[in-house]
Amino acid sequence: MPDVRSALTIAGTDPSGGAGIQADLKTFQEREVYGMSVITSLVAQNTTGVQAIHHVPVTFLEQQLESIFSDIIPAAVKTGMIASEEMMQCIAAVLHKSKAAYIMDPVMYAKSGHALMGEDSRDALKSHLVPLATLVTPNVPEAEELTGIRIDDESSIKTAAKRIVREYGAKAVLLKGGHMEGAFAADWLYDGENFTSFTAERVQTKHTHGTGCTYSAAITAELAKGRSLQQAVKVGKEFVTDAIRYSLQLGKGNGPTNHWGYRLKSVPVQEEQHHEVY
Ligand SMILES: Nc1ncnc2c1ncn2[C@@H]1O[C@H](COP(=O)(O)OP(=O)(O)OP(=O)(O)O)[C@@H](O)[C@H]1O
Ligand SMILES: Cc1ncc(COP(=O)(O)O)c(N)n1
């Protein structure tokens with residue numbers, strides 16, 4: 001019997017296949033872990049935006065979680081879109097009892113700007129889920145919403161990252177710089193002691209639907225396989241950069257990332273340690 005590692009995604013759907021649960025499962029498959037999914041919301045969306053949202057009742061969310069955790073215990077869990085505080089409480093209750101690595105992608109908006117989480121649930125995310133997280137993966141606007149800090153340079157990135165770990169209780173944070181400007185896309189990992197930057201060349205493309213989901217799913221898969229956080233982020237960054245470089249011109253809007261892009265040619269990622277002096 002091969003040593004099968006499993007990973008679970010708890011998130012919303014994308015019937016057009018580029019983001020959410022669908023992107024996560026495709027990524028798990030490419031990273032060679034057994035993928036499982038629990039759906040929080042059914043989202044009618046495509047490359048042009050979000051058309052409608054139907055939330056799963058919390059009792060049914062609970063039932064799906066029970067189906068998984070009473071049978072196949074995942075080595076790592078990621079959460080994406082979670083629309084309400086009740087859903088967050090339900091998921092937190094299960095994660096409290098779990099030993100799995102937990103990667104929280106604090107999804108707030110779709111790329112089109114459509115809200116995927118109630119504005120009144122942001123504090124709930126901080127109080128119920130951030131303290132349980134092995135890693136939180138906000139983009140710049142999400143980190144600003146979580147911390148109230150305006151982020152526009154390396155110093156403000158570091159201040160926000162420290163707040164998420166030291167004040168809100170996450171074990172580590174990966175603050176993604178995809179939304180910032182410049183020739184390079186740099187992300188910052190803070191583990192409570194040191195910062196490590198992961199940098200790749202910025203790809204000039206509008207086809208970036210699902211980048212955040214793909215990245216956090218790849219990191220989740222690598223943690224499920226037993227890699228260190230540092231190694232998992234490095235592999236995840238290479239994977240998402242290849243997925244963006246070879247992204248697909250599908251649909252009428254922002255096309256999806258290419259989950260088999262890494263098979264075409266690997267894009268180099270620079271990793272640099274920054275030791276903090278307190
Ligand atoms: N044009 C690009 N070229 C290369 N890397 C990119 C580009 N855009 C984003 N990235 C990288 O992709 C990963 C996802 O980052 P991003 O900040 O876009 O996440 P996200 O905002 O959660 O995704 P989304 O905008 O799809 O919701 C990060 O590693 C980021 O640096
Ligand atoms: C259900 C769902 N979850 C997340 C996102 C954001 O996508 P991403 O940040 O990966 O582009 C999305 N569009 N839909």
# chains A, B, ... in the order shown; residues from 1 in each chain; ligands from 1

call {"tool": "residues_near_ligand", "arguments": {"ligand": "ligand 2", "cutoff": "10 Å", "atoms": "only C-alpha atoms and all ligand atoms", "output": "short mmCIF file (atom, residue, chain, number, x, y, z; two decimals) with N, CA and C atoms, in the first residue's frame"}}
result
data_model
loop_
_atom_site.label_atom_id
_atom_site.label_comp_id
_atom_site.auth_asym_id
_atom_site.auth_seq_id
_atom_site.Cartn_x
_atom_site.Cartn_y
_atom_site.Cartn_z
N ILE A 10 -12.23 23.36 2.63
CA ILE A 10 -13.56 23.80 3.07
C ILE A 10 -13.75 25.18 2.43
N ALA A 11 -14.62 25.28 1.43
CA ALA A 11 -14.67 26.53 0.65
C ALA A 11 -15.94 26.60 -0.20
N GLY A 12 -16.03 27.68 -0.97
CA GLY A 12 -17.13 27.85 -1.90
C GLY A 12 -16.77 27.28 -3.27
N THR A 13 -17.76 27.22 -4.16
CA THR A 13 -17.53 26.58 -5.47
C THR A 13 -17.32 27.61 -6.59
N ASP A 14 -16.74 27.13 -7.67
CA ASP A 14 -16.66 27.89 -8.92
C ASP A 14 -16.98 26.93 -10.05
N PRO A 15 -18.24 26.95 -10.56
CA PRO A 15 -18.60 26.00 -11.61
C PRO A 15 -17.75 26.13 -12.87
N GLY A 17 -14.62 26.42 -12.82
CA GLY A 17 -13.43 25.60 -12.57
C GLY A 17 -12.13 26.31 -12.23
N GLY A 18 -12.14 27.64 -12.14
CA GLY A 18 -10.86 28.34 -11.95
C GLY A 18 -10.49 28.63 -10.51
N ALA A 19 -11.49 28.80 -9.63
CA ALA A 19 -11.22 29.21 -8.25
C ALA A 19 -11.95 28.25 -7.29
N GLY A 20 -11.91 28.61 -6.00
CA GLY A 20 -12.67 27.87 -4.99
C GLY A 20 -12.32 26.38 -4.93
N ILE A 21 -13.33 25.59 -4.53
CA ILE A 21 -13.18 24.13 -4.36
C ILE A 21 -12.55 23.47 -5.58
N GLN A 22 -13.01 23.89 -6.77
CA GLN A 22 -12.54 23.22 -7.99
C GLN A 22 -11.04 23.45 -8.19
N ALA A 23 -10.57 24.67 -7.96
CA ALA A 23 -9.13 24.96 -8.10
C ALA A 23 -8.34 24.17 -7.04
N ASP A 24 -8.91 24.10 -5.84
CA ASP A 24 -8.21 23.40 -4.74
C ASP A 24 -8.05 21.91 -5.07
N ILE A 39 -18.32 21.86 1.14
CA ILE A 39 -18.78 23.09 0.48
C ILE A 39 -19.52 24.01 1.47
N THR A 40 -19.10 25.28 1.49
CA THR A 40 -19.74 26.27 2.36
C THR A 40 -20.84 27.02 1.61
N SER A 41 -20.54 27.37 0.35
CA SER A 41 -21.51 28.13 -0.46
C SER A 41 -21.40 27.70 -1.91
N LEU A 42 -22.54 27.63 -2.57
CA LEU A 42 -22.56 27.36 -4.01
C LEU A 42 -22.55 28.71 -4.70
N VAL A 43 -21.52 28.97 -5.49
CA VAL A 43 -21.38 30.28 -6.11
C VAL A 43 -21.53 30.14 -7.63
N ALA A 44 -22.51 30.82 -8.20
CA ALA A 44 -22.64 30.86 -9.66
C ALA A 44 -21.67 31.93 -10.13
N GLN A 45 -20.53 31.52 -10.69
CA GLN A 45 -19.52 32.48 -11.12
C GLN A 45 -18.78 31.93 -12.33
N ASN A 46 -18.06 32.83 -13.00
CA ASN A 46 -17.21 32.42 -14.12
C ASN A 46 -16.07 33.42 -14.24
N THR A 47 -15.41 33.45 -15.41
CA THR A 47 -14.23 34.33 -15.55
C THR A 47 -14.62 35.81 -15.56
N GLY A 49 -17.08 37.16 -13.51
CA GLY A 49 -17.52 37.63 -12.19
C GLY A 49 -18.47 36.65 -11.52
N VAL A 50 -19.15 37.17 -10.48
CA VAL A 50 -20.07 36.35 -9.68
C VAL A 50 -21.49 36.72 -10.06
N ILE A 53 -25.17 33.67 -5.38
CA ILE A 53 -24.59 32.86 -4.30
C ILE A 53 -25.71 32.20 -3.51
N THR A 79 -9.09 26.41 4.51
CA THR A 79 -10.39 27.04 4.34
C THR A 79 -10.24 28.21 3.37
N GLY A 80 -11.29 28.41 2.57
CA GLY A 80 -11.35 29.55 1.66
C GLY A 80 -12.56 30.38 2.03
N MET A 81 -13.52 30.51 1.09
CA MET A 81 -14.71 31.32 1.33
C MET A 81 -15.57 30.76 2.46
N ILE A 82 -15.76 31.56 3.51
CA ILE A 82 -16.69 31.21 4.60
C ILE A 82 -17.52 32.46 4.83
N ASP A 105 -7.06 30.75 4.16
CA ASP A 105 -7.03 31.80 3.14
C ASP A 105 -8.23 32.70 3.43
N PRO A 106 -7.99 33.91 3.93
CA PRO A 106 -9.12 34.76 4.36
C PRO A 106 -9.81 35.43 3.17
N VAL A 107 -10.49 34.62 2.37
CA VAL A 107 -11.14 35.11 1.15
C VAL A 107 -12.26 36.10 1.50
N MET A 108 -12.17 37.31 0.99
CA MET A 108 -13.20 38.32 1.26
C MET A 108 -13.94 38.74 0.00
N TYR A 109 -13.20 38.88 -1.10
CA TYR A 109 -13.81 39.32 -2.37
C TYR A 109 -13.34 38.44 -3.52
N ALA A 110 -14.19 38.31 -4.55
CA ALA A 110 -13.73 37.72 -5.81
C ALA A 110 -12.96 38.81 -6.56
N LYS A 111 -12.17 38.41 -7.54
CA LYS A 111 -11.36 39.39 -8.28
C LYS A 111 -12.24 40.51 -8.88
N SER A 112 -13.47 40.17 -9.23
CA SER A 112 -14.39 41.15 -9.82
C SER A 112 -14.87 42.17 -8.79
N GLY A 113 -14.55 41.94 -7.50
CA GLY A 113 -14.96 42.87 -6.45
C GLY A 113 -16.19 42.41 -5.68
N HIS A 114 -16.82 41.33 -6.12
CA HIS A 114 -18.03 40.82 -5.46
C HIS A 114 -17.68 40.28 -4.07
N ALA A 115 -18.44 40.69 -3.05
CA ALA A 115 -18.14 40.23 -1.68
C ALA A 115 -18.48 38.74 -1.52
N LEU A 116 -17.55 37.99 -0.95
CA LEU A 116 -17.78 36.55 -0.71
C LEU A 116 -17.93 36.27 0.78
N MET A 117 -17.69 37.30 1.60
CA MET A 117 -17.85 37.15 3.05
C MET A 117 -18.60 38.38 3.57
N PRO A 138 -3.23 36.05 3.67
CA PRO A 138 -3.98 37.20 3.11
C PRO A 138 -3.25 37.85 1.94
N ASN A 139 -4.02 38.41 1.00
CA ASN A 139 -3.40 39.33 0.03
C ASN A 139 -3.38 40.70 0.72
N THR A 208 -5.70 35.63 -14.30
CA THR A 208 -5.24 35.28 -12.95
C THR A 208 -6.39 34.85 -12.04
N HIS A 209 -7.46 34.35 -12.64
CA HIS A 209 -8.61 33.90 -11.83
C HIS A 209 -8.18 32.65 -11.05
N GLY A 210 -8.25 32.73 -9.72
CA GLY A 210 -7.93 31.56 -8.90
C GLY A 210 -6.51 31.48 -8.40
N THR A 211 -5.73 32.55 -8.53
CA THR A 211 -4.32 32.47 -8.08
C THR A 211 -4.22 32.20 -6.58
N GLY A 212 -5.04 32.93 -5.80
CA GLY A 212 -4.96 32.78 -4.33
C GLY A 212 -5.34 31.38 -3.89
N CYS A 213 -6.41 30.84 -4.47
CA CYS A 213 -6.87 29.48 -4.11
C CYS A 213 -5.81 28.45 -4.47
N THR A 214 -5.27 28.58 -5.68
CA THR A 214 -4.28 27.62 -6.17
C THR A 214 -3.04 27.62 -5.27
N TYR A 215 -2.60 28.81 -4.89
CA TYR A 215 -1.40 28.95 -4.05
C TYR A 215 -1.61 28.30 -2.68
N SER A 216 -2.71 28.66 -2.01
CA SER A 216 -2.91 28.11 -0.66
C SER A 216 -3.18 26.60 -0.71
N ALA A 217 -3.80 26.12 -1.80
CA ALA A 217 -4.03 24.67 -1.92
C ALA A 217 -2.71 23.93 -2.12
N ASN A 254 -11.32 37.23 -16.96
CA ASN A 254 -9.98 36.86 -16.49
C ASN A 254 -9.88 35.34 -16.48
N PRO A 256 -8.52 31.38 -16.20
CA PRO A 256 -7.99 30.69 -15.01
C PRO A 256 -6.50 30.39 -15.10
N THR A 257 -5.91 30.15 -13.93
CA THR A 257 -4.51 29.70 -13.88
C THR A 257 -4.45 28.26 -14.39
#

call {"tool": "select_by_dssp", "arguments": {"residues": "range 73-181 of chain A", "states": "helix (DSSP H, G or I)", "output": "ChimeraX atom specification"}}
result
/A:85-96,119-132,140-147,154-167

call {"tool": "write_last_selection", "arguments": {"atoms": "C-alpha atoms", "output": "tab-separated table (two decimals), in the first residue's frame"}}
result
chain	number	residue	atom	x	y	z
A	85	GLU	CA	-19.87	33.84	11.67
A	86	GLU	CA	-22.11	30.77	12.26
A	87	MET	CA	-20.19	28.85	9.59
A	88	MET	CA	-16.87	29.97	11.11
A	89	GLN	CA	-17.93	28.76	14.57
A	90	CYS	CA	-19.00	25.40	13.15
A	91	ILE	CA	-15.65	24.92	11.35
A	92	ALA	CA	-13.65	26.14	14.38
A	93	ALA	CA	-15.35	23.55	16.60
A	94	VAL	CA	-14.09	20.77	14.31
A	95	LEU	CA	-10.59	22.23	13.85
A	96	HIS	CA	-10.19	22.60	17.63
A	119	GLU	CA	-18.50	42.53	6.20
A	120	ASP	CA	-19.72	41.88	9.74
A	121	SER	CA	-17.88	38.52	9.78
A	122	ARG	CA	-14.32	39.87	9.59
A	123	ASP	CA	-13.92	40.17	13.34
A	124	ALA	CA	-15.33	36.64	13.67
A	125	LEU	CA	-12.60	35.36	11.33
A	126	LYS	CA	-10.03	36.87	13.69
A	127	SER	CA	-11.59	35.55	16.87
A	128	HIS	CA	-12.63	32.03	15.75
A	129	LEU	CA	-10.23	30.89	13.03
A	130	VAL	CA	-6.99	32.93	12.93
A	131	PRO	CA	-5.84	31.60	16.35
A	132	LEU	CA	-6.18	28.01	15.07
A	140	VAL	CA	-2.71	43.02	0.67
A	141	PRO	CA	-6.36	44.24	0.83
A	142	GLU	CA	-7.30	41.30	3.10
A	143	ALA	CA	-4.35	42.01	5.43
A	144	GLU	CA	-5.41	45.67	5.53
A	145	GLU	CA	-8.98	44.67	6.43
A	146	LEU	CA	-7.77	42.29	9.14
A	147	THR	CA	-5.27	44.65	10.76
A	154	GLU	CA	8.06	46.48	3.13
A	155	SER	CA	7.83	48.12	6.52
A	156	SER	CA	4.00	48.15	6.61
A	157	ILE	CA	3.94	44.53	5.33
A	158	LYS	CA	6.10	43.53	8.29
A	159	THR	CA	4.02	45.50	10.82
A	160	ALA	CA	0.78	43.88	9.58
A	161	ALA	CA	2.34	40.38	9.51
A	162	LYS	CA	3.56	40.76	13.10
A	163	ARG	CA	0.12	41.88	14.25
A	164	ILE	CA	-1.56	38.81	12.71
A	165	VAL	CA	0.86	36.46	14.49
A	166	ARG	CA	1.55	38.23	17.79
A	167	GLU	CA	-1.85	39.81	18.50

call {"tool": "atom_distance", "arguments": {"atom1": "CA of Gly35 in chain A", "atom2": "CA of Ile244 in chain A"}}
result
21.9 Å

call {"tool": "residues_around", "arguments": {"residues": "Glu30 in chain A", "least_positions_apart": "3", "cutoff": "9 Å", "atoms": "only C-alpha atoms", "output": "count of residues only"}}
result
7

call {"tool": "closest_residue", "arguments": {"among": "A:Glu66, A:Glu181, A:Asp191, A:Glu272", "to": "ligand 1", "atoms": "only C-alpha atoms and all ligand atoms"}}
result
A:Glu181

call {"tool": "closest_residue", "arguments": {"among": "A:Phe184, A:Tyr246, A:Phe28, A:Tyr262", "to": "ligand 1", "atoms": "only C-alpha atoms and all ligand atoms"}}
result
A:Phe184

call {"tool": "closest_residue", "arguments": {"among": "A:Ala100, A:Leu65, A:Leu229, A:Val77", "to": "Thr196 in chain A", "atoms": "only C-alpha atoms"}}
result
A:Leu229

call {"tool": "residues_around", "arguments": {"residues": "Gln231 in chain A", "least_positions_apart": "5", "cutoff": "9 Å", "atoms": "only C-alpha atoms", "output": "list in words"}}
result
Ile219, Glu222, Leu223 and Gly236 of chain A

call {"tool": "closest_residue", "arguments": {"among": "A:Glu193, A:Val203, A:His274, A:Ser266", "to": "Arg245 in chain A", "atoms": "only C-alpha atoms"}}
result
A:Val203

call {"tool": "closest_residue", "arguments": {"among": "A:Asn258, A:Gln273, A:Thr199, A:Ser16", "to": "ligand 1", "atoms": "only C-alpha atoms and all ligand atoms"}}
result
A:Thr199

call {"tool": "select_by_dssp", "arguments": {"residues": "range 107-227 of chain A", "states": "strand (DSSP E)", "output": "list in words"}}
result
Leu135, Val136, Val173, Leu174, Leu175, Lys176, Phe184, Ala185, Ala186, Asp187, Trp188, Leu189, Tyr190, Asn194, Phe195, Thr196, Ser197, Phe198, Thr199, Ala200 and Glu201 of chain A

call {"tool": "write_last_selection", "arguments": {"atoms": "N, CA and C atoms", "output": "short mmCIF file (atom, residue, chain, number, x, y, z; two decimals), in the first residue's frame"}}
result
data_model
loop_
_atom_site.label_atom_id
_atom_site.label_comp_id
_atom_site.auth_asym_id
_atom_site.auth_seq_id
_atom_site.Cartn_x
_atom_site.Cartn_y
_atom_site.Cartn_z
N LEU A 135 -1.05 28.60 9.26
CA LEU A 135 -0.64 29.66 8.33
C LEU A 135 -1.88 30.41 7.84
N VAL A 136 -1.81 31.75 7.85
CA VAL A 136 -2.87 32.58 7.26
C VAL A 136 -2.28 33.20 5.99
N VAL A 173 2.19 33.72 9.10
CA VAL A 173 1.39 34.42 8.09
C VAL A 173 2.21 34.53 6.81
N LEU A 174 1.54 34.39 5.66
CA LEU A 174 2.19 34.62 4.36
C LEU A 174 1.43 35.77 3.72
N LEU A 175 2.05 36.95 3.73
CA LEU A 175 1.38 38.12 3.18
C LEU A 175 1.76 38.25 1.70
N LYS A 176 0.75 38.11 0.82
CA LYS A 176 1.00 38.00 -0.62
C LYS A 176 1.02 39.38 -1.29
N PHE A 184 8.43 42.51 -9.87
CA PHE A 184 8.45 41.23 -9.16
C PHE A 184 7.22 41.07 -8.27
N ALA A 185 6.78 39.82 -8.13
CA ALA A 185 5.67 39.50 -7.21
C ALA A 185 6.32 38.86 -5.99
N ALA A 186 6.35 39.61 -4.88
CA ALA A 186 7.04 39.14 -3.67
C ALA A 186 6.02 38.84 -2.58
N ASP A 187 6.21 37.73 -1.87
CA ASP A 187 5.37 37.37 -0.73
C ASP A 187 6.27 37.26 0.50
N TRP A 188 5.70 37.56 1.66
CA TRP A 188 6.48 37.57 2.90
C TRP A 188 5.92 36.56 3.89
N LEU A 189 6.78 35.63 4.29
CA LEU A 189 6.39 34.63 5.31
C LEU A 189 6.96 35.07 6.65
N TYR A 190 6.11 35.16 7.67
CA TYR A 190 6.57 35.48 9.02
C TYR A 190 6.13 34.37 9.95
N ASN A 194 11.25 34.99 12.23
CA ASN A 194 11.94 35.52 11.06
C ASN A 194 11.00 35.77 9.90
N PHE A 195 11.43 36.67 9.04
CA PHE A 195 10.73 36.88 7.76
C PHE A 195 11.52 36.19 6.66
N THR A 196 10.81 35.57 5.73
CA THR A 196 11.45 35.06 4.51
C THR A 196 10.63 35.61 3.34
N SER A 197 11.34 36.19 2.38
CA SER A 197 10.61 36.66 1.18
C SER A 197 10.75 35.63 0.07
N PHE A 198 9.68 35.46 -0.68
CA PHE A 198 9.66 34.56 -1.84
C PHE A 198 9.28 35.42 -3.03
N THR A 199 10.19 35.52 -3.99
CA THR A 199 10.01 36.48 -5.08
C THR A 199 10.11 35.81 -6.44
N ALA A 200 9.19 36.13 -7.33
CA ALA A 200 9.26 35.64 -8.71
C ALA A 200 8.95 36.80 -9.64
N GLU A 201 9.37 36.68 -10.89
CA GLU A 201 9.08 37.73 -11.86
C GLU A 201 7.58 37.87 -12.07
#

call {"tool": "atom_distance", "arguments": {"atom1": "CA of Arg5 in chain A", "atom2": "CA of Met36 in chain A"}}
result
11.0 Å

call {"tool": "atom_distance", "arguments": {"atom1": "CA of Arg263 in chain A", "atom2": "CA of Arg202 in chain A"}}
result
19.2 Å

call {"tool": "closest_residue", "arguments": {"among": "A:Glu238, A:Asp3, A:Asp153, A:Glu271", "to": "ligand 1", "atoms": "only C-alpha atoms and all ligand atoms"}}
result
A:Glu238
